[in-house]
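Here the structure comes first, spelled out in C-alpha cells, and everything after it is commentary.
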Amino acid sequence: MEAAEYDRMANVEERHWWFRARLAVVRTFLKRYVPPGVGLDCSCGTGMTLKSLPQWVQIGADLNGSALKHSRARGLSRLLQGDLRKLPFANDSLDVVTSLDTLEHIEEDEQALAEIHRVLKPGGYGLFTVPAHPWMFGPHDRALHHVRRYRRGEFRQKVSTAGFHIRKYRYINTALFPLVAGVRLVSRGGGEARSDTEKLPAGPLNFALYAAFASERLLLPWLPSPWGISLLCLARKLLR
C-alpha cells in the first residue's frame with residue numbers, strides 16, 4: 001500500500017468499525033483455539049493487531065517503512081522490515097503467525113504461505129484473513145493494491161498445499177454481506193480507486209456497523225457462514 005494509505009489508516013483504525021470488529025473476531029478465535037506463545041504478525045501495518053494481541057504476537061514485520069513508523073509511534077519496538085516471502089526466522093521457531101488481510105497483496109501468495117509454514121514450530125498455528133469473492137473486486141481493492149480476492153475453495157486449497165492442517169475455516173462479516181455486495185456490484189465496473197475504510201462513518205452508523213460485524217464473535221460456535229465478505233482460516237502445522 002502507499003504511505004498515504006497507512007497515514008489514513010493510523011488516523012481512523014482504533015475507532016473504525018471494520019478494524020475494531022475484525023480484531024474482536026480474531027481475538028475470539030485465538031482465545032478459543034490457540035494457546036499463548038511467541039508469535040509474529042505479518043504485515044503488521046500500523047501496529048494495532050500487535051498492540052492488542054500480546055499473548056499471541058509480540059513481533060511485527062512489514063515491508064513498508066511508513067507502516068513501521070506508525071507501529072513505533074504506538075510504542076512497539078520488536079519490529080523488522082522484511083518480505084513475507086523470505087522471513088528472517090529459523091525453521092520451526094514460532095508458535096503463532098497472524099496474517100490479516102495480507103496475502104491478497106502478494107503475487108506469490110503460495111510462496112508466502114509456505115514460508116509461514118516453515119517458520120512455525122510443529123503444532124504451531126497460522127491465522128489468516130483474506131477478502132472473499134473475485135466478483136467483488138473493485139475500487140476498494142485497487143486503492144489498496146490487491147492482486148486478488150479469493151474463492152472459498154481456492155484459498156482452502158492453497159493453505160493445504162502449503163502443508164497446513166485446517167482447523168477452522170469460514171466466512172466472516174456475514175451479516176453485512178448483502179449490503180456490501182450490493183455496493184460493490186454497483187461500483188466494481190470503474191470509478192476512482194478509493195478505500196472503503198479511509199474515512200470514519202458518522203458515530204451512530206459506525207457503531208451499528210461495528211455491532212453487526214463484531215456480534216459474530218458471540219455466535220462463532222453456532223453461526224453458519226454460507227456467505228461473507230472475508231474468509232478466516234485457522235490452520236496448524238502438523239506435529240512430526
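In the C-alpha cells, each chain is lettered A, B, ... as it comes, each chain's residues begin at 1, and ligands are numbered from 1 in order of appearance.
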
**DSSP-assigned alpha helix (DSSP H) among segment 53-92 of chain A, expressed as number ranges by chain** = A: 65-73

Same residues, N, CA and C atoms, output as a PDB file, in the first residue's frame:
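Dumped everything to part-v3.pdb:
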ATOM      1  N   GLY A  65       8.216   0.836   5.218  1.00  0.00           N
ATOM      2  CA  GLY A  65       8.783   1.609   6.313  1.00  0.00           C
ATOM      3  C   GLY A  65       7.802   2.581   6.934  1.00  0.00           C
ATOM      4  N   SER A  66       6.862   3.109   6.137  1.00  0.00           N
ATOM      5  CA  SER A  66       5.853   4.024   6.680  1.00  0.00           C
ATOM      6  C   SER A  66       4.956   3.321   7.683  1.00  0.00           C
ATOM      7  N   ALA A  67       4.620   2.063   7.398  1.00  0.00           N
ATOM      8  CA  ALA A  67       3.815   1.288   8.340  1.00  0.00           C
ATOM      9  C   ALA A  67       4.557   1.117   9.661  1.00  0.00           C
ATOM     10  N   LEU A  68       5.831   0.783   9.591  1.00  0.00           N
ATOM     11  CA  LEU A  68       6.608   0.568  10.808  1.00  0.00           C
ATOM     12  C   LEU A  68       6.770   1.856  11.604  1.00  0.00           C
ATOM     13  N   LYS A  69       6.797   2.975  10.927  1.00  0.00           N
ATOM     14  CA  LYS A  69       6.860   4.265  11.628  1.00  0.00           C
ATOM     15  C   LYS A  69       5.642   4.428  12.529  1.00  0.00           C
ATOM     16  N   HIS A  70       4.478   4.085  12.015  1.00  0.00           N
ATOM     17  CA  HIS A  70       3.264   4.191  12.825  1.00  0.00           C
ATOM     18  C   HIS A  70       3.258   3.165  13.955  1.00  0.00           C
ATOM     19  N   SER A  71       3.798   1.981  13.704  1.00  0.00           N
ATOM     20  CA  SER A  71       3.890   0.977  14.771  1.00  0.00           C
ATOM     21  C   SER A  71       4.787   1.469  15.905  1.00  0.00           C
ATOM     22  N   ARG A  72       5.889   2.098  15.549  1.00  0.00           N
ATOM     23  CA  ARG A  72       6.781   2.637  16.584  1.00  0.00           C
ATOM     24  C   ARG A  72       6.087   3.741  17.380  1.00  0.00           C
ATOM     25  N   ALA A  73       5.244   4.512  16.710  1.00  0.00           N
ATOM     26  CA  ALA A  73       4.512   5.576  17.400  1.00  0.00           C
ATOM     27  C   ALA A  73       3.551   5.016  18.441  1.00  0.00           C
TER      28      ALA A  73
END

Residues near Tyr171 of chain A, anyone? I mean within 7 Å using only C-alpha atoms, not counting same-chain ones fewer than 4 positions away, as an mmCIF file with C-alpha atoms, in the first residue's frame.
data_model
loop_
_atom_site.group_PDB
_atom_site.id
_atom_site.type_symbol
_atom_site.label_atom_id
_atom_site.label_comp_id
_atom_site.auth_asym_id
_atom_site.auth_seq_id
_atom_site.Cartn_x
_atom_site.Cartn_y
_atom_site.Cartn_z
ATOM 1 C CA SER A 225 -21.385 -18.963 7.382
ATOM 2 C CA TRP A 227 -21.519 -16.188 2.790
ATOM 3 C CA GLY A 228 -19.387 -13.293 3.986
ATOM 4 C CA ILE A 229 -17.122 -10.504 2.845
ATOM 5 C CA SER A 230 -13.920 -12.167 4.059
ATOM 6 C CA LEU A 231 -12.540 -15.622 4.789
ATOM 7 C CA LEU A 232 -10.951 -16.620 8.087
#

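Distance-wise, atom CA of Leu30 of chain A and atom CA of Val97 of chain A end up 11.1 Å apart.
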
Polymer residues at most 12 Å from Ser215 of chain A, only C-alpha atoms, same-chain spacing of 3 or more positions, as a PyMOL selection string
chain A and resi 17+20-25+28+172-176+207-212+218-220+223

Gln111 of chain A environment, 10 Å, only C-alpha atoms, sequence neighbours closer than 6 positions dropped, as an MDAnalysis selection string:
chainID A and resid 84:86 117 158 162

Near-Arg15 of chain A list (12 Å; only C-alpha atoms; drop same-chain fewer than 3 positions) as a tab-separated table (two decimals) with N, CA and C atoms, in the first residue's frame:
chain	number	residue	atom	x	y	z
A	9	MET	N	-5.00	5.14	7.61
A	9	MET	CA	-5.35	4.01	8.47
A	9	MET	C	-5.04	4.33	9.94
A	10	ALA	N	-3.86	4.87	10.18
A	10	ALA	CA	-3.47	5.20	11.56
A	10	ALA	C	-4.42	6.22	12.18
A	11	ASN	N	-4.99	7.07	11.35
A	11	ASN	CA	-5.87	8.12	11.85
A	11	ASN	C	-7.23	7.59	12.29
A	12	VAL	N	-7.69	6.49	11.68
A	12	VAL	CA	-9.05	6.01	11.98
A	12	VAL	C	-9.11	4.61	12.59
A	18	TRP	N	-14.74	-1.43	11.03
A	18	TRP	CA	-14.22	-2.64	10.37
A	18	TRP	C	-12.97	-3.16	11.07
A	19	PHE	N	-12.03	-2.28	11.36
A	19	PHE	CA	-10.80	-2.71	12.02
A	19	PHE	C	-11.09	-3.25	13.42
A	20	ARG	N	-11.96	-2.55	14.16
A	20	ARG	CA	-12.27	-2.97	15.53
A	20	ARG	C	-13.00	-4.30	15.55
A	21	ALA	N	-13.96	-4.47	14.65
A	21	ALA	CA	-14.74	-5.71	14.64
A	21	ALA	C	-13.91	-6.89	14.18
A	23	LEU	N	-10.76	-7.28	14.58
A	23	LEU	CA	-9.89	-7.61	15.70
A	23	LEU	C	-10.65	-8.39	16.77
A	48	MET	N	-1.82	-2.03	15.23
A	48	MET	CA	-2.98	-2.21	16.11
A	48	MET	C	-3.14	-3.66	16.55
A	197	THR	N	-12.36	2.07	3.81
A	197	THR	CA	-12.07	2.30	5.23
A	197	THR	C	-11.25	3.56	5.47
A	198	GLU	N	-11.13	4.42	4.47
A	198	GLU	CA	-10.26	5.58	4.66
A	198	GLU	C	-10.91	6.67	5.49
A	199	LYS	N	-12.25	6.64	5.60
A	199	LYS	CA	-12.95	7.64	6.38
A	199	LYS	C	-13.78	6.97	7.47
A	200	LEU	N	-13.94	7.66	8.58
A	200	LEU	CA	-14.72	7.15	9.69
A	200	LEU	C	-16.18	7.53	9.49
A	201	PRO	N	-17.10	6.55	9.47
A	201	PRO	CA	-18.52	6.88	9.35
A	201	PRO	C	-19.00	7.69	10.55
A	202	ALA	N	-20.13	8.35	10.39
A	202	ALA	CA	-20.74	9.08	11.50
A	202	ALA	C	-20.97	8.15	12.68
A	203	GLY	N	-20.93	8.71	13.88
A	203	GLY	CA	-20.97	7.92	15.11
A	203	GLY	C	-22.01	6.82	15.18
A	206	ASN	N	-21.30	4.16	12.51
A	206	ASN	CA	-20.08	3.42	12.84
A	206	ASN	C	-20.36	2.37	13.91
A	207	PHE	N	-21.15	2.75	14.91
A	207	PHE	CA	-21.48	1.81	15.99
A	207	PHE	C	-22.34	0.67	15.47
A	209	LEU	N	-22.57	-0.58	12.42
A	209	LEU	CA	-21.78	-1.48	11.58
A	209	LEU	C	-20.83	-2.33	12.42
A	210	TYR	N	-20.24	-1.71	13.44
A	210	TYR	CA	-19.38	-2.48	14.35
A	210	TYR	C	-20.18	-3.59	15.04

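Between Asp62 of chain A and the candidates A:Asn91, A:Thr161, A:Ser43, A:Thr129, the tightest atom-to-atom separation, counting only C-alpha atoms, involves A:Ser43.
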
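Atom CA of Ile166 of chain A to atom CA of Glu154 of chain A spans 13.5 Å [interatomic distance, one decimal].
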
(request) From the DSSP assignment of the backbone, select every residue of segment 145-184 of chain A that is strand (DSSP E), and format the answer as a list of chain:residue names. (result) A:Phe164, A:His165, A:Ile166, A:Arg167, A:Lys168, A:Tyr169, A:Arg170, A:Tyr171, A:Ile172

Keeping N, CA and C atoms for every residue in the selection just given, could you write it to a file as a compact mmCIF listing (two decimals), in the first residue's frame?
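Written file, part_32.txt:
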# COMPACT_ATOMS: atom_id res chain seq x y z
N PHE A 164 -0.36 -27.14 5.72
CA PHE A 164 -1.14 -26.95 6.93
C PHE A 164 -2.30 -27.93 7.03
N HIS A 165 -2.67 -28.22 8.27
CA HIS A 165 -3.94 -28.89 8.58
C HIS A 165 -4.93 -27.81 8.98
N ILE A 166 -6.04 -27.70 8.28
CA ILE A 166 -7.00 -26.64 8.55
C ILE A 166 -7.90 -27.04 9.71
N ARG A 167 -7.92 -26.18 10.74
CA ARG A 167 -8.73 -26.44 11.93
C ARG A 167 -10.09 -25.78 11.84
N LYS A 168 -10.12 -24.51 11.42
CA LYS A 168 -11.37 -23.78 11.28
C LYS A 168 -11.31 -22.97 9.99
N TYR A 169 -12.43 -22.93 9.29
CA TYR A 169 -12.44 -22.22 8.01
C TYR A 169 -13.86 -21.72 7.78
N ARG A 170 -14.01 -20.41 7.60
CA ARG A 170 -15.36 -19.88 7.48
C ARG A 170 -15.32 -18.47 6.88
N TYR A 171 -16.49 -18.06 6.38
CA TYR A 171 -16.67 -16.66 6.04
C TYR A 171 -16.85 -15.86 7.33
N ILE A 172 -16.42 -14.60 7.30
CA ILE A 172 -16.73 -13.65 8.36
C ILE A 172 -17.28 -12.37 7.73

Residue neighbourhood Leu185 of chain A, 9 Å, only C-alpha atoms, exclusion window fewer than 5 positions, as a PyMOL selection string: chain A and resi 135-138+180

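Here the question is which of A:Leu113, A:Ala181, A:Cys42, A:Leu234 gets nearest to Pro134 of chain A using only C-alpha atoms, and that residue is A:Ala181.
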
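Between atom CA of Gly123 of chain A and atom CA of Asp95 of chain A the separation is 7.7 Å.
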
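Between Arg8 of chain A and the candidates A:Gly45, A:Ala235, A:Val26, A:Ser187, the tightest atom-to-atom separation, counting only C-alpha atoms, involves A:Gly45.
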